[in-house]
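S.K.: This is the structure, below, for whatever I ask next.
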Amino acid sequence: MREIYVTRPSMPSKEEYYEEISTIWDTHVLTNMGEKHNKLERRLEEYLKVPNVSLFCNGHMALELAIQAMDLTGEVITTPFTFASTTHAIVRNGLTPVFCDINENDYTIDVSKIESCITQKTSAIIPVHVYGNICDVEAIDKIAKQYKLKVIYDAAHAFGVNYRGKGIAEFGDASIFSFHATKVFNTIEGGAVCYAEPQIGERLYQLKNFGIQSETIVNGIGANAKMNEFQAAMGLCNLRHVDGQITKRKKVFQRYIENLADIKQIKVNMVNPYVASNYAYFPIVFKNGNVEKIRDTVYDELKLHGIYARKYFYPLTNTFECYHGMFDVSKTPVALNISGNVLTLPLYADLELSDVDKISCLIKKIVRSDSRC
Ligand code: T4K
């Protein structure tokens with residue numbers, strides 16, 4: 001049986017990658033902010049329309065060290081409807097996450113509930129752009145200014161997304177991207193911080209390189225989170241093709257919409273008309289509200305046909321075993337409901353439309369309990 005996974009990494013041709021890495025054999029520079037690393041930073045600044053990009057070995061370290069670079073303290077407002085990384089990055093910095101609920105339309109932070117989460121100890125908001133859907137950046141900006149809070153967007157899912165003609169990372173004090181193999185744009189593993197203030201760049205540079213300032217001065221307690229030259233080379237190649245990959249993703253996304261939008265038991269992910277999406281993920285939410293039954297039946301049934309959908313994001317991060325007893329999940333009821341009913345369907349540039357039809361047909365059969373497609 002041919003297997004279909006939730007995603008399949010975009011890759012350049014072997015020849016293109018070999019050509020890109022061949023100069024590494026001339027220079028023997030493998031890592032530590034080499035030529036390809038620096039070139040990719042400049043190319044990404046252009047592509048993302050931001051003044052500054054700092055590359056990292058992965059998206060998680062980008063977030064963890066962005067938080068550190070901003071010297072945040074006390075409490076940070078965020079959402080539990082995200083990958084483990086967002087919450088872990090806050091906690092691993094010795095900060096307390098305060099979970100705000102999400103909205104039912106696009107699963108991003110519910111801005112009407114942010115102010116009720118603010119206390120004397122709040123230093124920042126870390127909202128998450130999920131699936132390629134973006135947060136209400138204007139409302140967040142207004143609240144942050146009013147309460148003098150920093151904003152770091154977890155934009156792991158939002159590479160290349162534009163909002164009203166602006167790059168999504170132009171909003172907030174910083175945004176982090178993931179360039180993991182499973183993302184719209186990949187550097188095998190990798191990530192980046194886009195930031196507004198130049199002094200944050202100096203801090204980030206040091207923090208990802210052991211806190212070293214010069215050969216004899218180490219004035220920060222840094223980590224090692226550098227992107228190496230082979231990763232950067234993959235990024236340089238993939239960046240040449242990313243627009244074409246997004247166009248192909250859009251076709252898959254639209255085919256799912258055509259196939260599934262009129263199924264009354266399912267809510268599909270619609271794109272905000274002011275957003276140029278990257279079509280990163282295709283989540284569907286089962287509407288019966290009867291907890292996890294239909295979602296799990298569909299997940300299991302697809303698996304029997306070799307189709308591996310994923311329950312992104314289930315469980316919620318505020319219910320993880322490692323946080324047992326620390327958070328009150330009843331404070332995020334919308335996130336709890338969506339998490340129990342969401343299924344992320346396979347979506348990648350080279351997914352055949354006939355496969356989209358097959359997946360859609362199987363889902364329809366299950367939710368309608370009959371053989372029609
Ligand atoms: N913030 C958010 C909101 C995030 O979603 C993430 C990462 C981060 C921060 C942190 O960024 P990174 O530190 O990862 O850069 C995956 C990814 O590992 C993770 O990057 C991603 N979010 C998360 C949503 O998904 P898994 O454990 O579900 O991935 P995995 O290995 O099961 O892969 C999914 C499918 O993709 C596989 O079934 C097959 C296919 N695949 C995967 C890989 C790795 C391939 O075909 N080739 C591959 O090389 O976490």
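Simple scheme: letters A, B, ... for chains in structure tokens order, numbers from 1 for residues in each chain, numbers from 1 for ligands in the order shown.
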Which polymer residues have any atom within 12 Å of an atom of A:Val137, counting only C-alpha atoms, with same-chain residues fewer than 4 positions away left out, as a PyMOL selection string?

M.R.: chain A and resi 108-111+125-129+133+141-144+151-153+155+162-164+166-173+175+275

S.K.: Those selected residues, please, written with C-alpha atoms and delivered as a CSV table (one decimal), in the first residue's frame.

M.R.:
chain,number,residue,atom,x,y,z
A,108,THR,CA,-5.2,32.0,17.1
A,109,ILE,CA,-5.2,33.9,20.4
A,110,ASP,CA,-8.6,35.5,21.3
A,111,VAL,CA,-7.6,39.1,21.6
A,125,ILE,CA,2.8,38.2,24.8
A,126,ILE,CA,3.9,35.2,22.7
A,127,PRO,CA,1.0,34.7,20.3
A,128,VAL,CA,1.1,31.8,17.7
A,129,HIS,CA,0.2,32.1,14.1
A,133,ASN,CA,-3.6,31.6,9.8
A,141,ASP,CA,0.0,45.7,18.9
A,142,LYS,CA,-2.5,48.1,20.5
A,143,ILE,CA,-2.7,46.1,23.8
A,144,ALA,CA,1.1,45.7,23.9
A,151,VAL,CA,5.5,40.8,21.6
A,152,ILE,CA,7.3,37.8,20.1
A,153,TYR,CA,5.3,35.9,17.5
A,155,ALA,CA,5.5,32.3,13.3
A,162,ASN,CA,1.8,38.5,3.9
A,163,TYR,CA,-0.9,40.6,5.5
A,164,ARG,CA,-2.2,43.7,3.7
A,166,LYS,CA,3.3,43.5,4.6
A,167,GLY,CA,5.5,40.6,5.6
A,168,ILE,CA,4.0,38.9,8.7
A,169,ALA,CA,7.3,39.3,10.6
A,170,GLU,CA,7.1,43.0,10.3
A,171,PHE,CA,4.7,42.9,13.2
A,172,GLY,CA,5.8,42.7,16.9
A,173,ASP,CA,9.2,43.1,18.5
A,175,SER,CA,9.0,36.7,15.1
A,275,VAL,CA,-3.8,37.5,3.9

S.K.: Just list the residues in stretch 198-292 of chain A DSSP gives helix (DSSP H, G or I) on the backbone, as a ChimeraX atom specification.

M.R.: /A:198-207,229-260

S.K.: Mind dumping the selected residues with N, CA and C atoms as a compact mmCIF listing (two decimals), in the first residue's frame?

M.R.:
# COMPACT_ATOMS: atom_id res chain seq x y z
N PRO A 198 18.20 46.69 16.31
CA PRO A 198 19.51 46.11 16.00
C PRO A 198 20.23 45.51 17.22
N GLN A 199 20.04 46.10 18.42
CA GLN A 199 20.76 45.55 19.59
C GLN A 199 20.31 44.14 19.95
N ILE A 200 19.08 43.79 19.55
CA ILE A 200 18.61 42.40 19.77
C ILE A 200 19.46 41.46 18.92
N GLY A 201 19.86 41.91 17.74
CA GLY A 201 20.69 41.10 16.86
C GLY A 201 22.02 40.76 17.50
N GLU A 202 22.63 41.75 18.15
CA GLU A 202 23.91 41.48 18.83
C GLU A 202 23.75 40.44 19.93
N ARG A 203 22.66 40.59 20.70
CA ARG A 203 22.38 39.62 21.78
C ARG A 203 22.17 38.22 21.21
N LEU A 204 21.39 38.15 20.13
CA LEU A 204 21.10 36.84 19.54
C LEU A 204 22.37 36.19 19.01
N TYR A 205 23.21 36.99 18.40
CA TYR A 205 24.46 36.47 17.82
C TYR A 205 25.31 35.83 18.91
N GLN A 206 25.38 36.52 20.04
CA GLN A 206 26.16 35.98 21.15
C GLN A 206 25.50 34.76 21.77
N LEU A 207 24.18 34.86 21.97
CA LEU A 207 23.47 33.76 22.66
C LEU A 207 23.53 32.46 21.88
N GLU A 229 26.58 25.23 7.41
CA GLU A 229 26.62 25.60 5.99
C GLU A 229 25.80 24.67 5.09
N PHE A 230 25.67 23.39 5.48
CA PHE A 230 24.87 22.47 4.68
C PHE A 230 23.38 22.80 4.80
N GLN A 231 23.00 23.19 6.00
CA GLN A 231 21.60 23.63 6.19
C GLN A 231 21.34 24.90 5.38
N ALA A 232 22.27 25.85 5.48
CA ALA A 232 22.09 27.13 4.78
C ALA A 232 22.05 26.90 3.27
N ALA A 233 22.86 25.95 2.79
CA ALA A 233 22.86 25.64 1.34
C ALA A 233 21.50 25.10 0.92
N MET A 234 20.92 24.25 1.74
CA MET A 234 19.58 23.73 1.44
C MET A 234 18.58 24.88 1.39
N GLY A 235 18.75 25.83 2.32
CA GLY A 235 17.87 27.00 2.34
C GLY A 235 18.02 27.84 1.09
N LEU A 236 19.24 28.06 0.65
CA LEU A 236 19.46 28.88 -0.56
C LEU A 236 18.78 28.23 -1.77
N CYS A 237 18.89 26.91 -1.86
CA CYS A 237 18.23 26.20 -2.97
C CYS A 237 16.71 26.28 -2.83
N ASN A 238 16.19 25.94 -1.65
CA ASN A 238 14.73 25.88 -1.49
C ASN A 238 14.08 27.26 -1.66
N LEU A 239 14.82 28.30 -1.28
CA LEU A 239 14.24 29.65 -1.40
C LEU A 239 13.98 30.01 -2.87
N ARG A 240 14.81 29.47 -3.78
CA ARG A 240 14.61 29.75 -5.22
C ARG A 240 13.26 29.19 -5.70
N HIS A 241 12.77 28.17 -5.01
CA HIS A 241 11.57 27.47 -5.51
C HIS A 241 10.34 27.66 -4.63
N VAL A 242 10.50 28.41 -3.53
CA VAL A 242 9.42 28.40 -2.54
C VAL A 242 8.12 28.97 -3.08
N ASP A 243 8.18 30.00 -3.93
CA ASP A 243 6.93 30.57 -4.46
C ASP A 243 6.17 29.53 -5.30
N GLY A 244 6.92 28.78 -6.09
CA GLY A 244 6.29 27.73 -6.90
C GLY A 244 5.67 26.65 -6.02
N GLN A 245 6.36 26.34 -4.92
CA GLN A 245 5.84 25.32 -4.00
C GLN A 245 4.55 25.80 -3.35
N ILE A 246 4.50 27.09 -3.01
CA ILE A 246 3.29 27.64 -2.37
C ILE A 246 2.13 27.62 -3.38
N THR A 247 2.42 27.91 -4.65
CA THR A 247 1.36 27.87 -5.67
C THR A 247 0.79 26.45 -5.78
N LYS A 248 1.68 25.46 -5.73
CA LYS A 248 1.21 24.07 -5.81
C LYS A 248 0.39 23.69 -4.57
N ARG A 249 0.85 24.17 -3.41
CA ARG A 249 0.11 23.93 -2.17
C ARG A 249 -1.29 24.52 -2.25
N LYS A 250 -1.37 25.71 -2.85
CA LYS A 250 -2.67 26.39 -2.96
C LYS A 250 -3.67 25.52 -3.74
N LYS A 251 -3.18 24.85 -4.79
CA LYS A 251 -4.07 24.00 -5.59
C LYS A 251 -4.62 22.84 -4.74
N VAL A 252 -3.75 22.26 -3.93
CA VAL A 252 -4.18 21.16 -3.05
C VAL A 252 -5.21 21.69 -2.05
N PHE A 253 -4.88 22.83 -1.45
CA PHE A 253 -5.74 23.46 -0.44
C PHE A 253 -7.13 23.72 -1.05
N GLN A 254 -7.14 24.31 -2.26
CA GLN A 254 -8.42 24.66 -2.88
C GLN A 254 -9.23 23.41 -3.24
N ARG A 255 -8.53 22.34 -3.60
CA ARG A 255 -9.25 21.11 -3.93
C ARG A 255 -9.94 20.55 -2.68
N TYR A 256 -9.24 20.61 -1.53
CA TYR A 256 -9.89 20.18 -0.28
C TYR A 256 -11.13 21.04 -0.01
N ILE A 257 -10.99 22.35 -0.21
CA ILE A 257 -12.12 23.25 0.05
C ILE A 257 -13.30 22.85 -0.84
N GLU A 258 -13.01 22.65 -2.16
CA GLU A 258 -14.09 22.25 -3.09
C GLU A 258 -14.76 20.96 -2.63
N ASN A 259 -13.94 20.03 -2.16
CA ASN A 259 -14.46 18.70 -1.79
C ASN A 259 -15.20 18.70 -0.46
N LEU A 260 -14.75 19.52 0.49
CA LEU A 260 -15.23 19.35 1.87
C LEU A 260 -16.04 20.52 2.44

S.K.: Show me which residues line ligand 1, defined as having an atom within 7 Å of a ligand atom where only C-alpha atoms and all ligand atoms count, and present them as an MDAnalysis selection string.

M.R.: chainID A and resid 5:9 58:61 82:83 85:86 128 130 154:157 178:183 189:191 308 312

S.K.: Could you write those residues out with C-alpha atoms, as a PDB file, in the first residue's frame?

M.R.:
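Wrote it out as out.pdb, contents follow:
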ATOM      1  CA  TYR A   5       1.943  11.319   5.254  1.00  0.00           C
ATOM      2  CA  VAL A   6       0.727  14.618   6.629  1.00  0.00           C
ATOM      3  CA  THR A   7       3.578  16.283   4.806  1.00  0.00           C
ATOM      4  CA  ARG A   8       6.545  15.601   2.549  1.00  0.00           C
ATOM      5  CA  PRO A   9       9.528  17.936   2.547  1.00  0.00           C
ATOM      6  CA  ASN A  58      16.054  25.087  14.603  1.00  0.00           C
ATOM      7  CA  GLY A  59      12.883  27.036  15.326  1.00  0.00           C
ATOM      8  CA  HIS A  60      12.781  26.027  18.978  1.00  0.00           C
ATOM      9  CA  MET A  61      16.203  27.448  19.790  1.00  0.00           C
ATOM     10  CA  THR A  82       0.396  25.032  19.714  1.00  0.00           C
ATOM     11  CA  PHE A  83       3.324  22.659  19.378  1.00  0.00           C
ATOM     12  CA  SER A  85       7.977  24.151  21.598  1.00  0.00           C
ATOM     13  CA  THR A  86       6.124  27.394  22.401  1.00  0.00           C
ATOM     14  CA  VAL A 128       1.114  31.824  17.729  1.00  0.00           C
ATOM     15  CA  VAL A 130      -1.294  28.604  13.513  1.00  0.00           C
ATOM     16  CA  ASP A 154       5.717  32.184  17.130  1.00  0.00           C
ATOM     17  CA  ALA A 155       5.494  32.283  13.336  1.00  0.00           C
ATOM     18  CA  ALA A 156       6.769  28.721  12.843  1.00  0.00           C
ATOM     19  CA  HIS A 157       3.791  28.057  10.519  1.00  0.00           C
ATOM     20  CA  SER A 178      10.827  27.150  11.845  1.00  0.00           C
ATOM     21  CA  PHE A 179      12.678  25.809   8.824  1.00  0.00           C
ATOM     22  CA  HIS A 180      12.144  22.184   9.857  1.00  0.00           C
ATOM     23  CA  ALA A 181      11.860  19.546   7.116  1.00  0.00           C
ATOM     24  CA  THR A 182       8.079  19.522   7.567  1.00  0.00           C
ATOM     25  CA  LYS A 183       7.648  23.242   6.945  1.00  0.00           C
ATOM     26  CA  GLU A 189      16.404  21.593  10.456  1.00  0.00           C
ATOM     27  CA  GLY A 190      16.600  25.303  11.049  1.00  0.00           C
ATOM     28  CA  GLY A 191      14.954  28.464  12.204  1.00  0.00           C
ATOM     29  CA  TYR A 308      -1.411   9.463   8.026  1.00  0.00           C
ATOM     30  CA  TYR A 312      -2.124  18.961  15.421  1.00  0.00           C
TER      31      TYR A 312
END

S.K.: Write out as a ChimeraX atom specification the residues lying within 12 Å of stretch 355-371 of chain A, counting only C-alpha atoms and excluding same-chain residues fewer than 6 positions away.

M.R.: /A:2-6,249,251-266,268,282,284-288,293-309,343-349

S.K.: When you look at A:Glu46 with a cut-off of 12 Å (counting only C-alpha atoms), what residues show up, excluding the ones that are within fewer than 3 positions of it in the same chain? I need them as a VMD selection string.

M.R.: chain A and resid 39 to 43 49 to 53 160 167 169 to 170 194 239

S.K.: Could you write those residues out with N, CA and C atoms, as a CSV table (one decimal), in the first residue's frame?

M.R.:
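After the write, part.csv holds the following:
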chain,number,residue,atom,x,y,z
A,39,LYS,N,24.8,34.7,3.5
A,39,LYS,CA,24.0,34.9,2.3
A,39,LYS,C,22.5,34.6,2.5
A,40,LEU,N,22.2,33.5,3.2
A,40,LEU,CA,20.8,33.2,3.4
A,40,LEU,C,20.1,34.2,4.3
A,41,GLU,N,20.8,34.7,5.3
A,41,GLU,CA,20.2,35.8,6.1
A,41,GLU,C,19.8,37.0,5.2
A,42,ARG,N,20.7,37.4,4.3
A,42,ARG,CA,20.4,38.6,3.5
A,42,ARG,C,19.2,38.3,2.5
A,43,ARG,N,19.2,37.1,2.0
A,43,ARG,CA,18.1,36.7,1.0
A,43,ARG,C,16.8,36.6,1.7
A,49,LYS,N,10.7,40.6,3.8
A,49,LYS,CA,10.5,42.1,3.9
A,49,LYS,C,10.8,42.6,5.3
A,50,VAL,N,11.8,42.1,5.9
A,50,VAL,CA,12.2,42.5,7.3
A,50,VAL,C,13.6,43.1,7.3
A,51,PRO,N,13.9,44.0,8.3
A,51,PRO,CA,15.2,44.6,8.3
A,51,PRO,C,16.3,43.6,8.8
A,52,ASN,N,15.9,42.7,9.7
A,52,ASN,CA,17.0,41.8,10.3
A,52,ASN,C,16.5,40.4,10.4
A,53,VAL,N,17.4,39.5,10.0
A,53,VAL,CA,17.2,38.0,10.2
A,53,VAL,C,18.4,37.4,10.9
A,160,GLY,N,6.5,33.2,4.8
A,160,GLY,CA,6.1,33.8,3.5
A,160,GLY,C,4.7,34.4,3.5
A,167,GLY,N,5.0,41.9,5.1
A,167,GLY,CA,5.5,40.6,5.6
A,167,GLY,C,5.0,40.3,7.0
A,169,ALA,N,6.3,39.0,9.5
A,169,ALA,CA,7.3,39.3,10.6
A,169,ALA,C,7.6,40.7,10.8
A,170,GLU,N,6.9,41.6,10.0
A,170,GLU,CA,7.1,43.0,10.3
A,170,GLU,C,6.3,43.5,11.5
A,194,CYS,N,13.3,37.1,13.3
A,194,CYS,CA,13.3,38.4,12.6
A,194,CYS,C,13.0,39.4,13.7
A,239,LEU,N,14.8,28.3,-1.3
A,239,LEU,CA,14.2,29.7,-1.4
A,239,LEU,C,14.0,30.0,-2.9

S.K.: Leaving out stretch 99-103 of chain A and any residue of its chain fewer than 6 positions from it, which residues lie within 9 Å of it when counting only C-alpha atoms, given as a ChimeraX atom specification?

M.R.: /A:76-81,109-111,113-114,116-117,318,327-329,331-336

S.K.: Output C-alpha atoms for every residue in that selection, as a PDB file, in the first residue's frame.

M.R.:
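Here's the written file part30.pdb:
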ATOM      1  CA  VAL A  76       4.140  35.620  29.533  1.00  0.00           C
ATOM      2  CA  ILE A  77       0.715  35.420  27.892  1.00  0.00           C
ATOM      3  CA  THR A  78       0.423  32.721  25.244  1.00  0.00           C
ATOM      4  CA  THR A  79      -1.944  29.998  23.978  1.00  0.00           C
ATOM      5  CA  PRO A  80      -1.933  26.240  24.649  1.00  0.00           C
ATOM      6  CA  PHE A  81      -3.103  25.408  21.097  1.00  0.00           C
ATOM      7  CA  ILE A 109      -5.208  33.942  20.390  1.00  0.00           C
ATOM      8  CA  ASP A 110      -8.581  35.495  21.316  1.00  0.00           C
ATOM      9  CA  VAL A 111      -7.575  39.146  21.584  1.00  0.00           C
ATOM     10  CA  LYS A 113      -9.388  37.848  26.393  1.00  0.00           C
ATOM     11  CA  ILE A 114      -5.783  39.061  26.526  1.00  0.00           C
ATOM     12  CA  SER A 116      -7.936  39.717  31.529  1.00  0.00           C
ATOM     13  CA  CYS A 117      -4.662  37.708  31.551  1.00  0.00           C
ATOM     14  CA  ASN A 318      -1.424  23.041  29.281  1.00  0.00           C
ATOM     15  CA  PHE A 327      -2.450  24.910  34.778  1.00  0.00           C
ATOM     16  CA  ASP A 328      -6.252  25.050  34.766  1.00  0.00           C
ATOM     17  CA  VAL A 329      -7.439  23.801  31.370  1.00  0.00           C
ATOM     18  CA  LYS A 331      -9.685  28.527  31.421  1.00  0.00           C
ATOM     19  CA  THR A 332      -9.138  27.667  27.746  1.00  0.00           C
ATOM     20  CA  PRO A 333     -12.426  25.905  26.781  1.00  0.00           C
ATOM     21  CA  VAL A 334     -12.358  26.819  23.092  1.00  0.00           C
ATOM     22  CA  ALA A 335      -8.828  25.476  22.713  1.00  0.00           C
ATOM     23  CA  LEU A 336      -9.875  22.294  24.537  1.00  0.00           C
TER      24      LEU A 336
END

S.K.: In stretch 42-186 of chain A, what's strand (DSSP E or B) per DSSP? Answer as a ChimeraX atom specification?

M.R.: /A:53-56,75-78,96-99,102,109,122-126,128,131,133,150-154,162-163,166-167,174-178

S.K.: Pick out the closest residue to A:Ile67 from this set: A:Gly34, A:Tyr147, A:Tyr195, A:Ser339. Count only C-alpha atoms.

M.R.: A:Tyr195

S.K.: Would you mind reading off the distance between atom CA of A:Leu353 and atom CA of A:Ser13, one decimal, in Å?

M.R.: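 Atom CA of A:Ser13 lies at a distance of 22.4 Å from atom CA of A:Leu353.
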
S.K.: What is the distance between atom CA of A:Glu215 and atom CA of A:Ala66, in Å to one decimal?

M.R.: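 Computing it gives 23.7 Å between the two atoms.
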
S.K.: Which distance in Å separates atom CA of A:Thr187 and atom CA of A:Val91, to one decimal?

M.R.: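 The value is 26.5 Å.
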
S.K.: Of the candidates A:Ala196, A:Ala225, A:Leu351, A:Val342, which shows the shortest atom-to-atom distance to A:Asn32, using only C-alpha atoms?

M.R.: A:Ala225

S.K.: Which residue is closest to A:Pro97? Choose from A:Pro283, A:Met326, A:Ile140, A:Asn186 and count only C-alpha atoms.

M.R.: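 For A:Pro97, the nearest of the candidates is A:Met326.
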